[in-house]
Amino acid sequence: MSEPKPTLNLNDMHDLAVARMFAGNQAFAERIAQEDPEFFARQARQQEPHTLWIGCSDSRVSSDVITNTDPGNLFVHRNVANLVVHTDFNVLSAIDYAVNHLHVQHIVVCGHYQCGGVLAAMQATEMGLIDNWLRNIKDVYRLHSAELEALPDQPARARRLVELNVFEQVYNVCKTSTVQKSWREHGRPFVHGWVYDLETGLIKDLEVNVSGRRDLEEIYRFDMDKALHHD
């Protein structure tokens, strides 16, 4: 005998939040179908995003909402503090799929001010498993400690560390063999670093835009010709 399915208790605020999401989805589907009757049929056939978005898991930073972008335009990977770690096969797989199968033209790494991950990494408090992940941000702090320690206070250092973290993650994207191979063969993608400001709702372009191996230090450049000859 099968167990009875759980039912929503709308007197419970957590259940009410779930019910609201379903109601919101219904309203979304009805509105889109009314505005563009073929929209969902097109979406079901294929996806053709122009950009891979690597952002933070923070609930306040939804990529399509803050860029006013329709579904289907952004291929999204999110994690705590928008990190690109070369032992993380999740982000590496997202980059590979976006570049080699979806043929995106752009990759955006977008951080945000008041990032909980960045703030936690600046503290000495032990938080558990996530400490191993945040250590990557501590490494960014160490690399730029002279600049950060010269700033007047902790809030200023936190804002700057958010930006420096984006810089480093942009270059981590560019250090991957996937991106460098695509540069060589197709001249894409262009990699950008942005920061979202929760207090204004605006995105700041950090003006770090990488489009080829020439923008990387030589030690990180793969010599694809040598690799091909070796094989």
# chains A, B, ... in the order shown; residues from 1 in each chain; ligands from 1
$ closest_atom_pairs --of "region 105-212 of chain A" --to "region 59-76 of chain A" --cutoff "12 Å" --atoms "only C-alpha atoms" --output "tab-separated table"
residue	atom	partner	partner_atom	distance
A:Gln105	CA	A:Leu74	CA	10.9
A:His106	CA	A:Leu74	CA	9.8
A:Ile107	CA	A:Phe75	CA	9.3
A:Val108	CA	A:Val76	CA	9.7
A:Val109	CA	A:Val76	CA	10.3
A:Cys110	CA	A:Ser63	CA	8.9
A:Gly111	CA	A:Val61	CA	9.0
A:His112	CA	A:Val61	CA	7.8
A:Tyr113	CA	A:Val61	CA	10.4
A:Gln114	CA	A:Arg60	CA	10.6
A:Cys115	CA	A:Val61	CA	10.1
A:Gly116	CA	A:Ser59	CA	11.0
A:Trp194	CA	A:Ser63	CA	11.7
A:Val195	CA	A:Val61	CA	10.5
A:Tyr196	CA	A:Val61	CA	7.8
A:Asp197	CA	A:Val61	CA	9.4
A:Leu198	CA	A:Arg60	CA	7.8
A:Glu199	CA	A:Arg60	CA	11.0
A:Thr200	CA	A:Ile66	CA	11.0
A:Gly201	CA	A:Ile66	CA	7.2
A:Leu202	CA	A:Ile66	CA	7.9
A:Ile203	CA	A:Ile66	CA	8.2
A:Lys204	CA	A:Thr67	CA	12.0
$ write_last_selection --atoms "C-alpha atoms" --output "short mmCIF file (atom, residue, chain, number, x, y, z; two decimals), in the first residue's frame"
data_model
loop_
_atom_site.label_atom_id
_atom_site.label_comp_id
_atom_site.auth_asym_id
_atom_site.auth_seq_id
_atom_site.Cartn_x
_atom_site.Cartn_y
_atom_site.Cartn_z
CA GLN A 105 29.72 34.65 -27.93
CA HIS A 106 30.24 35.99 -24.41
CA ILE A 107 31.04 34.79 -20.91
CA VAL A 108 30.17 37.13 -18.05
CA VAL A 109 31.46 36.69 -14.51
CA CYS A 110 29.19 38.82 -12.32
CA GLY A 111 29.77 39.35 -8.62
CA HIS A 112 27.82 41.64 -6.34
CA TYR A 113 28.50 43.99 -3.45
CA GLN A 114 27.48 42.75 0.01
CA CYS A 115 28.35 39.22 -1.10
CA GLY A 116 27.98 36.91 1.90
CA TRP A 194 30.86 42.86 -13.89
CA VAL A 195 29.56 43.67 -10.40
CA TYR A 196 25.92 44.16 -9.44
CA ASP A 197 25.09 46.80 -6.84
CA LEU A 198 22.23 45.70 -4.60
CA GLU A 199 21.65 49.27 -3.41
CA THR A 200 21.07 50.76 -6.85
CA GLY A 201 20.05 47.81 -9.00
CA LEU A 202 22.76 48.74 -11.50
CA ILE A 203 25.56 46.63 -12.98
CA LYS A 204 29.07 48.05 -12.95
#
$ residues_around --residues "Thr176 (chain A)" --least-positions-apart "5" --cutoff "10 Å" --atoms "only C-alpha atoms" --output "number ranges by chain"
A: 84, 86, 92, 95-96, 171, 181, 220-222
$ write_last_selection --atoms "N, CA and C atoms" --output "PDB file, in the first residue's frame"
ATOM      1  N   VAL A  84      35.332  30.401 -10.134  1.00  0.00           N
ATOM      2  CA  VAL A  84      35.719  29.474 -11.193  1.00  0.00           C
ATOM      3  C   VAL A  84      36.953  28.739 -10.692  1.00  0.00           C
ATOM      4  N   HIS A  86      39.407  25.433 -10.746  1.00  0.00           N
ATOM      5  CA  HIS A  86      39.812  24.489 -11.782  1.00  0.00           C
ATOM      6  C   HIS A  86      39.703  23.026 -11.382  1.00  0.00           C
ATOM      7  N   LEU A  92      33.452  23.735 -14.860  1.00  0.00           N
ATOM      8  CA  LEU A  92      34.199  23.402 -16.075  1.00  0.00           C
ATOM      9  C   LEU A  92      33.276  22.794 -17.126  1.00  0.00           C
ATOM     10  N   ILE A  95      31.179  25.596 -18.670  1.00  0.00           N
ATOM     11  CA  ILE A  95      31.971  26.358 -19.643  1.00  0.00           C
ATOM     12  C   ILE A  95      32.122  25.566 -20.935  1.00  0.00           C
ATOM     13  N   ASP A  96      32.457  24.277 -20.808  1.00  0.00           N
ATOM     14  CA  ASP A  96      32.655  23.447 -21.992  1.00  0.00           C
ATOM     15  C   ASP A  96      31.373  23.348 -22.819  1.00  0.00           C
ATOM     16  N   TYR A 171      39.943  35.717 -15.172  1.00  0.00           N
ATOM     17  CA  TYR A 171      41.180  35.129 -15.670  1.00  0.00           C
ATOM     18  C   TYR A 171      41.205  33.624 -15.473  1.00  0.00           C
ATOM     19  N   LYS A 181      41.213  27.087 -26.593  1.00  0.00           N
ATOM     20  CA  LYS A 181      41.026  26.343 -27.848  1.00  0.00           C
ATOM     21  C   LYS A 181      39.981  27.031 -28.720  1.00  0.00           C
ATOM     22  N   TYR A 220      50.331  30.893 -18.582  1.00  0.00           N
ATOM     23  CA  TYR A 220      49.000  30.293 -18.636  1.00  0.00           C
ATOM     24  C   TYR A 220      48.553  29.962 -20.061  1.00  0.00           C
ATOM     25  N   ARG A 221      49.341  30.335 -21.039  1.00  0.00           N
ATOM     26  CA  ARG A 221      48.922  30.124 -22.429  1.00  0.00           C
ATOM     27  C   ARG A 221      49.254  28.704 -22.884  1.00  0.00           C
ATOM     28  N   PHE A 222      48.250  28.057 -23.481  1.00  0.00           N
ATOM     29  CA  PHE A 222      48.482  26.747 -24.076  1.00  0.00           C
ATOM     30  C   PHE A 222      48.962  26.934 -25.506  1.00  0.00           C
TER      31      PHE A 222
END
$ select_by_dssp --residues "region 8-114 of chain A" --states "strand (DSSP E)" --output "JSON, numbers by chain"
{"A": [51, 52, 53, 54, 55, 56, 74, 75, 76, 77, 78, 79, 106, 107, 108, 109, 110, 111, 112]}
$ write_last_selection --atoms "N, CA and C atoms" --output "compact mmCIF listing (two decimals), in the first residue's frame"
# COMPACT_ATOMS: atom_id res chain seq x y z
N THR A 51 25.11 34.20 -24.22
CA THR A 51 26.04 34.46 -23.12
C THR A 51 25.97 33.35 -22.08
N LEU A 52 27.15 32.96 -21.58
CA LEU A 52 27.24 32.15 -20.37
C LEU A 52 27.41 33.12 -19.21
N TRP A 53 26.53 33.04 -18.24
CA TRP A 53 26.56 33.90 -17.07
C TRP A 53 27.05 33.08 -15.88
N ILE A 54 28.17 33.47 -15.29
CA ILE A 54 28.68 32.83 -14.08
C ILE A 54 28.47 33.80 -12.94
N GLY A 55 27.52 33.48 -12.08
CA GLY A 55 27.14 34.42 -11.03
C GLY A 55 27.08 33.76 -9.66
N CYS A 56 26.67 34.55 -8.69
CA CYS A 56 26.58 34.10 -7.31
C CYS A 56 25.22 33.47 -7.05
N LEU A 74 20.38 33.52 -21.78
CA LEU A 74 21.51 33.33 -20.87
C LEU A 74 21.60 31.86 -20.45
N PHE A 75 22.78 31.29 -20.59
CA PHE A 75 23.07 29.98 -20.02
C PHE A 75 23.76 30.26 -18.70
N VAL A 76 23.21 29.75 -17.59
CA VAL A 76 23.59 30.26 -16.27
C VAL A 76 24.24 29.18 -15.41
N HIS A 77 25.37 29.55 -14.81
CA HIS A 77 26.00 28.74 -13.76
C HIS A 77 26.14 29.64 -12.54
N ARG A 78 25.68 29.14 -11.37
CA ARG A 78 25.78 29.94 -10.15
C ARG A 78 26.38 29.10 -9.03
N ASN A 79 27.19 29.73 -8.22
CA ASN A 79 27.71 29.11 -7.01
C ASN A 79 28.01 30.20 -5.99
N HIS A 106 29.74 35.27 -25.58
CA HIS A 106 30.24 35.99 -24.41
C HIS A 106 30.17 35.11 -23.16
N ILE A 107 31.11 35.34 -22.26
CA ILE A 107 31.04 34.79 -20.91
C ILE A 107 31.14 35.95 -19.94
N VAL A 108 30.17 36.07 -19.05
CA VAL A 108 30.17 37.13 -18.05
C VAL A 108 30.36 36.51 -16.67
N VAL A 109 31.35 37.00 -15.94
CA VAL A 109 31.46 36.69 -14.51
C VAL A 109 30.91 37.90 -13.77
N CYS A 110 29.84 37.70 -13.02
CA CYS A 110 29.19 38.82 -12.32
C CYS A 110 29.14 38.57 -10.82
N GLY A 111 29.86 39.37 -10.07
CA GLY A 111 29.77 39.35 -8.62
C GLY A 111 28.79 40.40 -8.15
N HIS A 112 28.71 40.59 -6.85
CA HIS A 112 27.82 41.64 -6.34
C HIS A 112 28.35 42.13 -4.99
$ select_by_dssp --residues "chain A" --states "helix (DSSP H, G or I)" --output "PyMOL selection string"
chain A and resi 13-35+39-45+63-66+89-100+116-121+130-143+145-149+154-175+177-186+213-215+218-220+224-230
$ atom_distance --atom1 "CA of Gln169 (chain A)" --atom2 "CA of Met122 (chain A)"
17.5 Å
$ residues_around --residues "His144 (chain A)" --least-positions-apart "2" --cutoff "12 Å" --atoms "only C-alpha atoms" --output "ChimeraX atom specification"
/A:137-142,146-151,157,160-165,167-168
$ residues_around --residues "Val104 (chain A)" --least-positions-apart "3" --cutoff "7 Å" --atoms "only C-alpha atoms" --output "JSON, numbers by chain"
{"A": [49, 50, 51, 52, 98, 99, 189]}
$ closest_residue --among "A:Gly117, A:Gly128, A:Gly212, A:Pro155" --to "Val173 (chain A)" --atoms "only C-alpha atoms"
A:Gly212
$ residues_around --residues "Thr87 (chain A)" --least-positions-apart "4" --cutoff "12 Å" --atoms "only C-alpha atoms" --output "VMD selection string"
chain A and resid 83 91 to 93 133 136 172 176
$ write_last_selection --atoms "C-alpha atoms" --output "PDB file, in the first residue's frame"
ATOM      1  CA  LEU A  83      34.004  31.254  -8.302  1.00  0.00           C
ATOM      2  CA  VAL A  91      31.726  24.961 -13.613  1.00  0.00           C
ATOM      3  CA  LEU A  92      34.199  23.402 -16.075  1.00  0.00           C
ATOM      4  CA  SER A  93      31.374  21.370 -17.616  1.00  0.00           C
ATOM      5  CA  TRP A 133      35.280  26.761  -0.834  1.00  0.00           C
ATOM      6  CA  ASN A 136      39.644  30.446  -2.822  1.00  0.00           C
ATOM      7  CA  ASN A 172      40.397  31.679 -14.299  1.00  0.00           C
ATOM      8  CA  THR A 176      40.910  26.985 -19.191  1.00  0.00           C
TER       9      THR A 176
END
$ closest_residue --among "A:Leu16, A:Ala33, A:His101, A:Ala27" --to "Gln46 (chain A)" --atoms "only C-alpha atoms"
A:His101
$ atom_distance --atom1 "CA of Val208 (chain A)" --atom2 "CA of Ser182 (chain A)"
19.1 Å
$ atom_distance --atom1 "CA of Arg42 (chain A)" --atom2 "CA of Ala19 (chain A)"
27.8 Å
$ closest_residue --among "A:Asn132, A:Ser211, A:Gln154, A:Ser57" --to "Arg184 (chain A)" --atoms "only C-alpha atoms"
A:Ser211
$ closest_residue --among "A:Ala158, A:Phe89, A:Val170, A:Phe22" --to "Ala120 (chain A)" --atoms "only C-alpha atoms"
A:Ala158
$ closest_residue --among "A:Lys175, A:Arg214, A:Arg135, A:His103" --to "Val80 (chain A)" --atoms "only C-alpha atoms"
A:Arg135
$ decode --residues "region 102-150 of chain A" --atoms "N, CA and C atoms" --output "PDB file, in the first residue's frame"
ATOM      1  N   LEU A 102      26.881  25.172 -27.285  1.00  0.00           N
ATOM      2  CA  LEU A 102      25.940  26.275 -27.472  1.00  0.00           C
ATOM      3  C   LEU A 102      26.558  27.434 -28.241  1.00  0.00           C
ATOM      4  N   HIS A 103      27.887  27.414 -28.357  1.00  0.00           N
ATOM      5  CA  HIS A 103      28.628  28.422 -29.141  1.00  0.00           C
ATOM      6  C   HIS A 103      28.336  29.849 -28.681  1.00  0.00           C
ATOM      7  N   VAL A 104      28.363  30.058 -27.373  1.00  0.00           N
ATOM      8  CA  VAL A 104      28.111  31.403 -26.861  1.00  0.00           C
ATOM      9  C   VAL A 104      29.186  32.372 -27.332  1.00  0.00           C
ATOM     10  N   GLN A 105      28.789  33.611 -27.515  1.00  0.00           N
ATOM     11  CA  GLN A 105      29.723  34.653 -27.931  1.00  0.00           C
ATOM     12  C   GLN A 105      30.390  35.336 -26.744  1.00  0.00           C
ATOM     13  N   HIS A 106      29.740  35.273 -25.579  1.00  0.00           N
ATOM     14  CA  HIS A 106      30.241  35.992 -24.412  1.00  0.00           C
ATOM     15  C   HIS A 106      30.166  35.109 -23.165  1.00  0.00           C
ATOM     16  N   ILE A 107      31.108  35.341 -22.257  1.00  0.00           N
ATOM     17  CA  ILE A 107      31.035  34.787 -20.909  1.00  0.00           C
ATOM     18  C   ILE A 107      31.136  35.954 -19.942  1.00  0.00           C
ATOM     19  N   VAL A 108      30.173  36.067 -19.053  1.00  0.00           N
ATOM     20  CA  VAL A 108      30.173  37.130 -18.051  1.00  0.00           C
ATOM     21  C   VAL A 108      30.364  36.512 -16.670  1.00  0.00           C
ATOM     22  N   VAL A 109      31.346  37.003 -15.938  1.00  0.00           N
ATOM     23  CA  VAL A 109      31.459  36.685 -14.514  1.00  0.00           C
ATOM     24  C   VAL A 109      30.915  37.896 -13.770  1.00  0.00           C
ATOM     25  N   CYS A 110      29.835  37.699 -13.018  1.00  0.00           N
ATOM     26  CA  CYS A 110      29.190  38.823 -12.324  1.00  0.00           C
ATOM     27  C   CYS A 110      29.144  38.568 -10.823  1.00  0.00           C
ATOM     28  N   GLY A 111      29.860  39.369 -10.073  1.00  0.00           N
ATOM     29  CA  GLY A 111      29.774  39.354  -8.620  1.00  0.00           C
ATOM     30  C   GLY A 111      28.787  40.400  -8.152  1.00  0.00           C
ATOM     31  N   HIS A 112      28.710  40.588  -6.854  1.00  0.00           N
ATOM     32  CA  HIS A 112      27.821  41.637  -6.343  1.00  0.00           C
ATOM     33  C   HIS A 112      28.350  42.131  -4.995  1.00  0.00           C
ATOM     34  N   TYR A 113      28.132  43.408  -4.743  1.00  0.00           N
ATOM     35  CA  TYR A 113      28.499  43.988  -3.450  1.00  0.00           C
ATOM     36  C   TYR A 113      27.623  43.380  -2.355  1.00  0.00           C
ATOM     37  N   GLN A 114      28.124  43.415  -1.121  1.00  0.00           N
ATOM     38  CA  GLN A 114      27.482  42.753   0.013  1.00  0.00           C
ATOM     39  C   GLN A 114      27.373  41.235  -0.194  1.00  0.00           C
ATOM     40  N   CYS A 115      28.350  40.663  -0.869  1.00  0.00           N
ATOM     41  CA  CYS A 115      28.347  39.222  -1.102  1.00  0.00           C
ATOM     42  C   CYS A 115      28.678  38.485   0.201  1.00  0.00           C
ATOM     43  N   GLY A 116      27.772  37.622   0.645  1.00  0.00           N
ATOM     44  CA  GLY A 116      27.983  36.908   1.896  1.00  0.00           C
ATOM     45  C   GLY A 116      29.219  36.030   1.879  1.00  0.00           C
ATOM     46  N   GLY A 117      29.517  35.426   0.727  1.00  0.00           N
ATOM     47  CA  GLY A 117      30.699  34.593   0.629  1.00  0.00           C
ATOM     48  C   GLY A 117      31.981  35.374   0.796  1.00  0.00           C
ATOM     49  N   VAL A 118      32.037  36.530   0.165  1.00  0.00           N
ATOM     50  CA  VAL A 118      33.219  37.385   0.285  1.00  0.00           C
ATOM     51  C   VAL A 118      33.371  37.882   1.716  1.00  0.00           C
ATOM     52  N   LEU A 119      32.267  38.316   2.316  1.00  0.00           N
ATOM     53  CA  LEU A 119      32.326  38.805   3.702  1.00  0.00           C
ATOM     54  C   LEU A 119      32.770  37.705   4.660  1.00  0.00           C
ATOM     55  N   ALA A 120      32.268  36.488   4.447  1.00  0.00           N
ATOM     56  CA  ALA A 120      32.644  35.368   5.317  1.00  0.00           C
ATOM     57  C   ALA A 120      34.120  35.028   5.153  1.00  0.00           C
ATOM     58  N   ALA A 121      34.625  35.127   3.925  1.00  0.00           N
ATOM     59  CA  ALA A 121      36.029  34.805   3.674  1.00  0.00           C
ATOM     60  C   ALA A 121      36.970  35.788   4.358  1.00  0.00           C
ATOM     61  N   MET A 122      36.491  36.977   4.658  1.00  0.00           N
ATOM     62  CA  MET A 122      37.311  37.988   5.307  1.00  0.00           C
ATOM     63  C   MET A 122      37.373  37.791   6.822  1.00  0.00           C
ATOM     64  N   GLN A 123      36.584  36.851   7.339  1.00  0.00           N
ATOM     65  CA  GLN A 123      36.536  36.619   8.777  1.00  0.00           C
ATOM     66  C   GLN A 123      37.358  35.382   9.155  1.00  0.00           C
ATOM     67  N   ALA A 124      37.673  35.274  10.424  1.00  0.00           N
ATOM     68  CA  ALA A 124      38.405  34.104  10.918  1.00  0.00           C
ATOM     69  C   ALA A 124      37.465  33.053  11.502  1.00  0.00           C
ATOM     70  N   THR A 125      36.165  33.313  11.452  1.00  0.00           N
ATOM     71  CA  THR A 125      35.186  32.405  12.034  1.00  0.00           C
ATOM     72  C   THR A 125      35.095  31.115  11.231  1.00  0.00           C
ATOM     73  N   GLU A 126      35.113  29.978  11.924  1.00  0.00           N
ATOM     74  CA  GLU A 126      34.959  28.687  11.261  1.00  0.00           C
ATOM     75  C   GLU A 126      33.484  28.448  10.972  1.00  0.00           C
ATOM     76  N   MET A 127      33.169  28.113   9.709  1.00  0.00           N
ATOM     77  CA  MET A 127      31.776  27.966   9.305  1.00  0.00           C
ATOM     78  C   MET A 127      31.419  26.541   8.894  1.00  0.00           C
ATOM     79  N   GLY A 128      32.416  25.674   8.745  1.00  0.00           N
ATOM     80  CA  GLY A 128      32.124  24.299   8.348  1.00  0.00           C
ATOM     81  C   GLY A 128      32.646  23.984   6.964  1.00  0.00           C
ATOM     82  N   LEU A 129      31.924  23.129   6.250  1.00  0.00           N
ATOM     83  CA  LEU A 129      32.372  22.655   4.940  1.00  0.00           C
ATOM     84  C   LEU A 129      32.671  23.791   3.977  1.00  0.00           C
ATOM     85  N   ILE A 130      31.865  24.845   4.039  1.00  0.00           N
ATOM     86  CA  ILE A 130      32.026  25.949   3.083  1.00  0.00           C
ATOM     87  C   ILE A 130      33.369  26.657   3.227  1.00  0.00           C
ATOM     88  N   ASP A 131      34.042  26.488   4.371  1.00  0.00           N
ATOM     89  CA  ASP A 131      35.360  27.108   4.551  1.00  0.00           C
ATOM     90  C   ASP A 131      36.331  26.670   3.463  1.00  0.00           C
ATOM     91  N   ASN A 132      36.198  25.429   2.998  1.00  0.00           N
ATOM     92  CA  ASN A 132      37.096  24.929   1.952  1.00  0.00           C
ATOM     93  C   ASN A 132      36.860  25.655   0.633  1.00  0.00           C
ATOM     94  N   TRP A 133      35.624  26.013   0.374  1.00  0.00           N
ATOM     95  CA  TRP A 133      35.280  26.761  -0.834  1.00  0.00           C
ATOM     96  C   TRP A 133      35.722  28.223  -0.721  1.00  0.00           C
ATOM     97  N   LEU A 134      35.461  28.806   0.444  1.00  0.00           N
ATOM     98  CA  LEU A 134      35.805  30.214   0.645  1.00  0.00           C
ATOM     99  C   LEU A 134      37.302  30.443   0.666  1.00  0.00           C
ATOM    100  N   ARG A 135      38.081  29.397   0.875  1.00  0.00           N
ATOM    101  CA  ARG A 135      39.527  29.544   0.867  1.00  0.00           C
ATOM    102  C   ARG A 135      40.018  30.132  -0.457  1.00  0.00           C
ATOM    103  N   ASN A 136      39.277  29.881  -1.526  1.00  0.00           N
ATOM    104  CA  ASN A 136      39.644  30.446  -2.822  1.00  0.00           C
ATOM    105  C   ASN A 136      39.573  31.978  -2.805  1.00  0.00           C
ATOM    106  N   ILE A 137      38.626  32.526  -2.033  1.00  0.00           N
ATOM    107  CA  ILE A 137      38.533  33.980  -1.916  1.00  0.00           C
ATOM    108  C   ILE A 137      39.641  34.501  -1.010  1.00  0.00           C
ATOM    109  N   LYS A 138      39.977  33.747   0.004  1.00  0.00           N
ATOM    110  CA  LYS A 138      41.101  34.130   0.856  1.00  0.00           C
ATOM    111  C   LYS A 138      42.388  34.215   0.032  1.00  0.00           C
ATOM    112  N   ASP A 139      42.534  33.328  -0.948  1.00  0.00           N
ATOM    113  CA  ASP A 139      43.700  33.383  -1.833  1.00  0.00           C
ATOM    114  C   ASP A 139      43.719  34.683  -2.630  1.00  0.00           C
ATOM    115  N   VAL A 140      42.526  35.118  -3.082  1.00  0.00           N
ATOM    116  CA  VAL A 140      42.433  36.395  -3.792  1.00  0.00           C
ATOM    117  C   VAL A 140      42.855  37.533  -2.870  1.00  0.00           C
ATOM    118  N   TYR A 141      42.396  37.483  -1.621  1.00  0.00           N
ATOM    119  CA  TYR A 141      42.783  38.510  -0.643  1.00  0.00           C
ATOM    120  C   TYR A 141      44.304  38.534  -0.481  1.00  0.00           C
ATOM    121  N   ARG A 142      44.892  37.354  -0.344  1.00  0.00           N
ATOM    122  CA  ARG A 142      46.346  37.283  -0.150  1.00  0.00           C
ATOM    123  C   ARG A 142      47.092  37.881  -1.348  1.00  0.00           C
ATOM    124  N   LEU A 143      46.622  37.593  -2.558  1.00  0.00           N
ATOM    125  CA  LEU A 143      47.287  38.103  -3.754  1.00  0.00           C
ATOM    126  C   LEU A 143      47.251  39.631  -3.826  1.00  0.00           C
ATOM    127  N   HIS A 144      46.205  40.219  -3.254  1.00  0.00           N
ATOM    128  CA  HIS A 144      45.998  41.671  -3.361  1.00  0.00           C
ATOM    129  C   HIS A 144      46.017  42.333  -1.982  1.00  0.00           C
ATOM    130  N   SER A 145      46.677  41.713  -1.033  1.00  0.00           N
ATOM    131  CA  SER A 145      46.630  42.196   0.348  1.00  0.00           C
ATOM    132  C   SER A 145      47.179  43.607   0.505  1.00  0.00           C
ATOM    133  N   ALA A 146      48.217  43.954  -0.233  1.00  0.00           N
ATOM    134  CA  ALA A 146      48.798  45.298  -0.107  1.00  0.00           C
ATOM    135  C   ALA A 146      47.768  46.363  -0.469  1.00  0.00           C
ATOM    136  N   GLU A 147      47.077  46.172  -1.579  1.00  0.00           N
ATOM    137  CA  GLU A 147      46.046  47.132  -1.994  1.00  0.00           C
ATOM    138  C   GLU A 147      44.891  47.160  -1.000  1.00  0.00           C
ATOM    139  N   LEU A 148      44.442  46.000  -0.566  1.00  0.00           N
ATOM    140  CA  LEU A 148      43.288  45.931   0.329  1.00  0.00           C
ATOM    141  C   LEU A 148      43.585  46.536   1.695  1.00  0.00           C
ATOM    142  N   GLU A 149      44.754  46.240   2.249  1.00  0.00           N
ATOM    143  CA  GLU A 149      45.098  46.744   3.573  1.00  0.00           C
ATOM    144  C   GLU A 149      45.326  48.254   3.573  1.00  0.00           C
ATOM    145  N   ALA A 150      45.563  48.830   2.403  1.00  0.00           N
ATOM    146  CA  ALA A 150      45.754  50.278   2.313  1.00  0.00           C
ATOM    147  C   ALA A 150      44.423  51.043   2.343  1.00  0.00           C
TER     148      ALA A 150
END
